[in-house]
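For reference, the structure discussed in these notes is given below.
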Amino acid sequence: MIWFGNSNAAKISVEEVPDVELRMSLQQLTSITGEETLKLFIDKHLECRFDMGYTKPTYNLNLENKDNIIKHLCMHALVHRCQSELGQLLDGLKTLGVLELMRQYPAKFLGILIHKSQLTIDYMLGLFKADYSPLASNFRAKEEEIMMNWTYFLEEASDGNVKQDTESEEISISLEDVLMFITGSNYKPIIGFFQKPTILFEHDEINRLLHANTCAMTLTIPVNEKMLNQESFIKEIAFCICNSPGFGNV
């Protein structure tokens with residue numbers, strides 16, 4: 001919309017839809033080749049289409065409508081639902097003629113607005129801060145030991161050595177997967193994160209799984225024997241990342 005001046009000319013794809021459940025449903029819809037299967041699938045998985053402005057009754061649908069349905073729902077998810085916000089953004093970009101320049105030289109501005117440089121081990125090691133207990137605390141030594149395991153885990157992930165078995169395949173955990181698990185972003189923002197992602201230590205509920213909060217950008221690690229062991233630390237965090245909501249769909 002920014003580049004072309006109107007939403008109808010915008011180039012969109014299913015992969016850009018931010019809602020994981022909707023994106024997966026649309027991806028499955030693209031592969032359907034039977035008309036009855038299409039109707040059944042839409043009725044079961046895409047009831048939201050009515051709220052998104054697509055009101056054609058199911059009994060009138062056929063395979064020729066499939067691409068139009070996908071485009072309509074993608075447009076709603078990516079543009080129409082945030083139309084007022086996009087309008088404010090465009091008004092701001094008109095200041096000093098920035099929007100006009102963006103439309104004249106879209107390729108140059110694309111690299112500024114979407115900055116996806118490859119993550120490095122040095123960046124990841126410097127990104128996170130640990131919320132340690134005081135130096136005199138009995139907890140401090142174990143927390144530092146866990147942070148050594150964290151460093152080793154990142155190094156192994158950087159080298160492609162962290163694997164997790166699933167029902168169908170063996171998955172390699174990347175630095176991008178780690179960053180996504182903790183911050184909700186799989187790349188470094190061009191202006192950086194608004195705060196440093198933090199590693200917290202859980203000394204009370206030590207038997208729970210480690211867990212992340214993408215809003216607060218925190219990773220909470222229980223201080224127990226499993227997390228103090230280097231090998232089981234890697235297995236535990238790989239398992240939690242692979243079983244987190246939306247893994248592999250973002």
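Labels for the structure tokens follow display order: chains A, B, ..., residues from 1 in each chain, ligands from 1.
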* Asked: Any idea what's packed within 9 Å of Leu73 (chain A), counting only C-alpha atoms, ignoring anything in its chain fewer than 5 positions away? Could you give it as a PyMOL selection string?
  -> chain A and resi 22+26+49+52-54+68+78
Residue selection dump (all heavy atoms) as a compact mmCIF listing (two decimals), in the first residue's frame:
# COMPACT_ATOMS: atom_id res chain seq x y z
N LEU A 22 -5.04 -18.38 11.00
CA LEU A 22 -5.58 -18.00 9.70
C LEU A 22 -4.60 -18.32 8.58
O LEU A 22 -4.99 -18.82 7.52
CB LEU A 22 -5.92 -16.50 9.69
CG LEU A 22 -6.42 -15.93 8.35
CD1 LEU A 22 -7.70 -16.62 7.91
CD2 LEU A 22 -6.64 -14.42 8.46
N LEU A 26 -5.32 -20.76 5.36
CA LEU A 26 -5.21 -20.29 3.97
C LEU A 26 -4.20 -21.10 3.19
O LEU A 26 -4.38 -21.37 1.99
CB LEU A 26 -4.84 -18.81 3.95
CG LEU A 26 -5.91 -17.84 4.48
CD1 LEU A 26 -5.39 -16.42 4.51
CD2 LEU A 26 -7.18 -17.93 3.64
N ARG A 49 -14.60 -15.62 7.88
CA ARG A 49 -14.69 -14.88 6.62
C ARG A 49 -15.84 -13.87 6.64
O ARG A 49 -15.76 -12.82 5.99
CB ARG A 49 -14.84 -15.85 5.44
CG ARG A 49 -16.17 -16.59 5.39
CD ARG A 49 -16.13 -17.70 4.32
NE ARG A 49 -17.42 -18.35 4.13
CZ ARG A 49 -17.89 -19.31 4.92
NH1 ARG A 49 -17.19 -19.71 5.97
NH2 ARG A 49 -19.07 -19.87 4.67
N MET A 52 -14.85 -10.81 8.21
CA MET A 52 -13.83 -10.15 7.41
C MET A 52 -14.39 -9.62 6.09
O MET A 52 -13.65 -9.21 5.20
CB MET A 52 -12.66 -11.11 7.16
CG MET A 52 -12.03 -11.60 8.46
SD MET A 52 -10.81 -12.92 8.23
CE MET A 52 -9.37 -11.98 7.78
N GLY A 53 -15.73 -9.66 5.97
CA GLY A 53 -16.36 -9.03 4.82
C GLY A 53 -16.62 -9.91 3.62
O GLY A 53 -17.10 -9.43 2.58
N TYR A 54 -16.33 -11.22 3.72
CA TYR A 54 -16.62 -12.12 2.59
C TYR A 54 -17.91 -12.86 2.90
O TYR A 54 -17.94 -13.78 3.72
CB TYR A 54 -15.48 -13.11 2.36
CG TYR A 54 -15.59 -13.82 1.03
CD1 TYR A 54 -14.96 -13.29 -0.10
CD2 TYR A 54 -16.33 -14.99 0.88
CE1 TYR A 54 -15.08 -13.92 -1.34
CE2 TYR A 54 -16.45 -15.61 -0.35
CZ TYR A 54 -15.82 -15.07 -1.45
OH TYR A 54 -15.93 -15.69 -2.68
N ASN A 68 -9.97 -15.77 -5.04
CA ASN A 68 -10.59 -14.53 -4.59
C ASN A 68 -10.79 -14.54 -3.07
O ASN A 68 -10.60 -13.52 -2.39
CB ASN A 68 -11.92 -14.32 -5.30
CG ASN A 68 -12.51 -12.96 -4.99
OD1 ASN A 68 -11.82 -11.95 -5.02
ND2 ASN A 68 -13.80 -12.91 -4.68
N LEU A 78 -4.06 -8.02 6.45
CA LEU A 78 -2.85 -7.21 6.31
C LEU A 78 -3.11 -5.71 6.14
O LEU A 78 -2.26 -4.90 6.51
CB LEU A 78 -2.04 -7.71 5.11
CG LEU A 78 -1.41 -9.10 5.26
CD1 LEU A 78 -0.94 -9.62 3.92
CD2 LEU A 78 -0.25 -9.04 6.24
* Please measure the separation of CA of Leu101 (chain A) and CA of Tyr187 (chain A), giving the value in Å to one decimal. =>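 Value for the CA of Leu101 (chain A)-CA of Tyr187 (chain A) distance: 26.0 Å.
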* To do: Determine, counting only C-alpha atoms, which protein, DNA and RNA residues have an atom within 9 Å of an atom of region 32-38 of chain A; residues of the same chain fewer than 2 positions away are not included. Present the result as a ChimeraX atom specification.
  => /A:28-30,40-43,61-63,66
Go ahead and write the selection's residues with N, CA, C and O atoms as a PDB file, in the first residue's frame.
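Contents of selection04.pdb, as written:
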ATOM      1  N   GLN A  28      -3.526 -24.251   3.659  1.00  0.00           N
ATOM      2  CA  GLN A  28      -4.195 -25.511   3.327  1.00  0.00           C
ATOM      3  C   GLN A  28      -5.227 -25.315   2.225  1.00  0.00           C
ATOM      4  O   GLN A  28      -5.392 -26.177   1.350  1.00  0.00           O
ATOM      5  N   LEU A  29      -5.906 -24.169   2.255  1.00  0.00           N
ATOM      6  CA  LEU A  29      -6.927 -23.889   1.245  1.00  0.00           C
ATOM      7  C   LEU A  29      -6.328 -23.844  -0.163  1.00  0.00           C
ATOM      8  O   LEU A  29      -6.961 -24.278  -1.131  1.00  0.00           O
ATOM      9  N   THR A  30      -5.119 -23.340  -0.289  1.00  0.00           N
ATOM     10  CA  THR A  30      -4.489 -23.221  -1.612  1.00  0.00           C
ATOM     11  C   THR A  30      -4.297 -24.572  -2.299  1.00  0.00           C
ATOM     12  O   THR A  30      -4.257 -24.646  -3.526  1.00  0.00           O
ATOM     13  N   LEU A  40     -16.540 -27.762   2.409  1.00  0.00           N
ATOM     14  CA  LEU A  40     -16.452 -28.316   3.767  1.00  0.00           C
ATOM     15  C   LEU A  40     -15.336 -27.651   4.565  1.00  0.00           C
ATOM     16  O   LEU A  40     -15.501 -27.323   5.748  1.00  0.00           O
ATOM     17  N   PHE A  41     -14.211 -27.448   3.904  1.00  0.00           N
ATOM     18  CA  PHE A  41     -13.060 -26.841   4.587  1.00  0.00           C
ATOM     19  C   PHE A  41     -13.373 -25.405   4.993  1.00  0.00           C
ATOM     20  O   PHE A  41     -13.073 -24.987   6.119  1.00  0.00           O
ATOM     21  N   ILE A  42     -13.953 -24.642   4.092  1.00  0.00           N
ATOM     22  CA  ILE A  42     -14.267 -23.237   4.382  1.00  0.00           C
ATOM     23  C   ILE A  42     -15.282 -23.134   5.513  1.00  0.00           C
ATOM     24  O   ILE A  42     -15.156 -22.292   6.411  1.00  0.00           O
ATOM     25  N   ASP A  43     -16.286 -23.995   5.498  1.00  0.00           N
ATOM     26  CA  ASP A  43     -17.285 -23.976   6.569  1.00  0.00           C
ATOM     27  C   ASP A  43     -16.668 -24.305   7.923  1.00  0.00           C
ATOM     28  O   ASP A  43     -17.045 -23.728   8.946  1.00  0.00           O
ATOM     29  N   LEU A  61     -20.297 -21.321  -3.565  1.00  0.00           N
ATOM     30  CA  LEU A  61     -18.846 -21.313  -3.789  1.00  0.00           C
ATOM     31  C   LEU A  61     -18.433 -22.426  -4.736  1.00  0.00           C
ATOM     32  O   LEU A  61     -19.021 -23.505  -4.749  1.00  0.00           O
ATOM     33  N   ASN A  62     -17.395 -22.149  -5.539  1.00  0.00           N
ATOM     34  CA  ASN A  62     -16.786 -23.179  -6.371  1.00  0.00           C
ATOM     35  C   ASN A  62     -15.286 -22.916  -6.435  1.00  0.00           C
ATOM     36  O   ASN A  62     -14.782 -21.949  -5.846  1.00  0.00           O
ATOM     37  N   LEU A  63     -14.577 -23.751  -7.148  1.00  0.00           N
ATOM     38  CA  LEU A  63     -13.119 -23.639  -7.193  1.00  0.00           C
ATOM     39  C   LEU A  63     -12.643 -22.321  -7.799  1.00  0.00           C
ATOM     40  O   LEU A  63     -11.552 -21.844  -7.496  1.00  0.00           O
ATOM     41  N   LYS A  66     -11.826 -19.696  -5.188  1.00  0.00           N
ATOM     42  CA  LYS A  66     -10.787 -19.957  -4.185  1.00  0.00           C
ATOM     43  C   LYS A  66      -9.751 -18.837  -4.107  1.00  0.00           C
ATOM     44  O   LYS A  66      -9.454 -18.320  -3.021  1.00  0.00           O
TER      45      LYS A  66
END
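The nearest approach to Asn229 (chain A) among the residues A:Glu205, A:Glu145, A:Asp177, A:Glu170, with only C-alpha atoms taken into account, belongs to A:Glu145.
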* Asked: Residues at most 12 Å from region 206-213 of chain A, counting only C-alpha atoms, excluding those fewer than 2 positions away in the same chain, as a PyMOL selection string?
  -> chain A and resi 178-184+197-204+215-228+233-241+243-245
Could you write out the selected residues, including C-alpha atoms, as a PDB file, in the first residue's frame?
ATOM      1  CA  VAL A 178      15.867 -18.573  19.625  1.00  0.00           C
ATOM      2  CA  LEU A 179      15.280 -14.865  19.107  1.00  0.00           C
ATOM      3  CA  MET A 180      11.710 -15.483  17.913  1.00  0.00           C
ATOM      4  CA  PHE A 181      10.978 -17.639  20.976  1.00  0.00           C
ATOM      5  CA  ILE A 182      11.976 -14.874  23.387  1.00  0.00           C
ATOM      6  CA  THR A 183      11.186 -11.611  21.580  1.00  0.00           C
ATOM      7  CA  GLY A 184       8.629 -12.492  18.887  1.00  0.00           C
ATOM      8  CA  PRO A 197      15.868  -9.043  26.467  1.00  0.00           C
ATOM      9  CA  THR A 198      16.425 -10.478  29.930  1.00  0.00           C
ATOM     10  CA  ILE A 199      17.135 -13.924  31.355  1.00  0.00           C
ATOM     11  CA  LEU A 200      15.416 -14.528  34.685  1.00  0.00           C
ATOM     12  CA  PHE A 201      16.038 -17.337  37.158  1.00  0.00           C
ATOM     13  CA  GLU A 202      13.275 -19.274  38.921  1.00  0.00           C
ATOM     14  CA  HIS A 203      14.293 -20.565  42.353  1.00  0.00           C
ATOM     15  CA  ASP A 204      10.823 -21.383  43.713  1.00  0.00           C
ATOM     16  CA  CYS A 215       5.865  -8.999  25.422  1.00  0.00           C
ATOM     17  CA  ALA A 216       8.314  -8.509  28.277  1.00  0.00           C
ATOM     18  CA  MET A 217      11.112 -10.141  26.221  1.00  0.00           C
ATOM     19  CA  THR A 218      12.154 -12.425  29.068  1.00  0.00           C
ATOM     20  CA  LEU A 219      13.318 -16.023  29.285  1.00  0.00           C
ATOM     21  CA  THR A 220      12.700 -17.579  32.701  1.00  0.00           C
ATOM     22  CA  ILE A 221      14.915 -20.563  33.511  1.00  0.00           C
ATOM     23  CA  PRO A 222      14.208 -22.800  36.523  1.00  0.00           C
ATOM     24  CA  VAL A 223      17.317 -23.422  38.586  1.00  0.00           C
ATOM     25  CA  ASN A 224      17.410 -27.213  38.831  1.00  0.00           C
ATOM     26  CA  GLU A 225      19.753 -30.080  38.063  1.00  0.00           C
ATOM     27  CA  LYS A 226      18.474 -30.440  34.505  1.00  0.00           C
ATOM     28  CA  MET A 227      19.295 -26.842  33.634  1.00  0.00           C
ATOM     29  CA  LEU A 228      22.665 -27.024  35.379  1.00  0.00           C
ATOM     30  CA  PHE A 233      19.943 -27.758  29.131  1.00  0.00           C
ATOM     31  CA  ILE A 234      20.269 -27.865  25.337  1.00  0.00           C
ATOM     32  CA  LYS A 235      17.658 -30.619  25.017  1.00  0.00           C
ATOM     33  CA  GLU A 236      15.217 -28.748  27.257  1.00  0.00           C
ATOM     34  CA  ILE A 237      15.415 -25.400  25.489  1.00  0.00           C
ATOM     35  CA  ALA A 238      15.265 -27.048  22.051  1.00  0.00           C
ATOM     36  CA  PHE A 239      12.130 -28.929  23.124  1.00  0.00           C
ATOM     37  CA  CYS A 240      10.478 -25.766  24.463  1.00  0.00           C
ATOM     38  CA  ILE A 241      11.262 -23.773  21.322  1.00  0.00           C
ATOM     39  CA  ASN A 243       6.757 -26.870  20.996  1.00  0.00           C
ATOM     40  CA  SER A 244       6.029 -23.174  21.373  1.00  0.00           C
ATOM     41  CA  PRO A 245       2.885 -21.808  19.625  1.00  0.00           C
TER      42      PRO A 245
END
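The shortest atom-to-atom distance to Asp122 (chain A), with only C-alpha atoms taken into account, belongs to A:Ser158 out of A:Ser158, A:Ile173, A:His72, A:Pro18.
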* Out of region 135-196 of chain A, which residues get alpha helix (DSSP H) from DSSP, as a ChimeraX atom specification? -> /A:140-158,175-183
* To do: Between CA of Ile190 (chain A) and CA of Leu113 (chain A), measure the distance and give it in Å to one decimal.
  =>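 Result for CA of Ile190 (chain A) versus CA of Leu113 (chain A): 7.7 Å, one decimal.
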* With only C-alpha atoms as the atoms that count, which of A:Val14, A:Leu127, A:Ile146, A:Ile121 lies nearest to Gly160 (chain A)? -> A:Ile121
* To do: Can you work out the spacing between CA of Lys129 (chain A) and CA of Gly192 (chain A) in Å, to one decimal?
  =>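 Atom-to-atom, CA of Lys129 (chain A) to CA of Gly192 (chain A), that is 14.7 Å.
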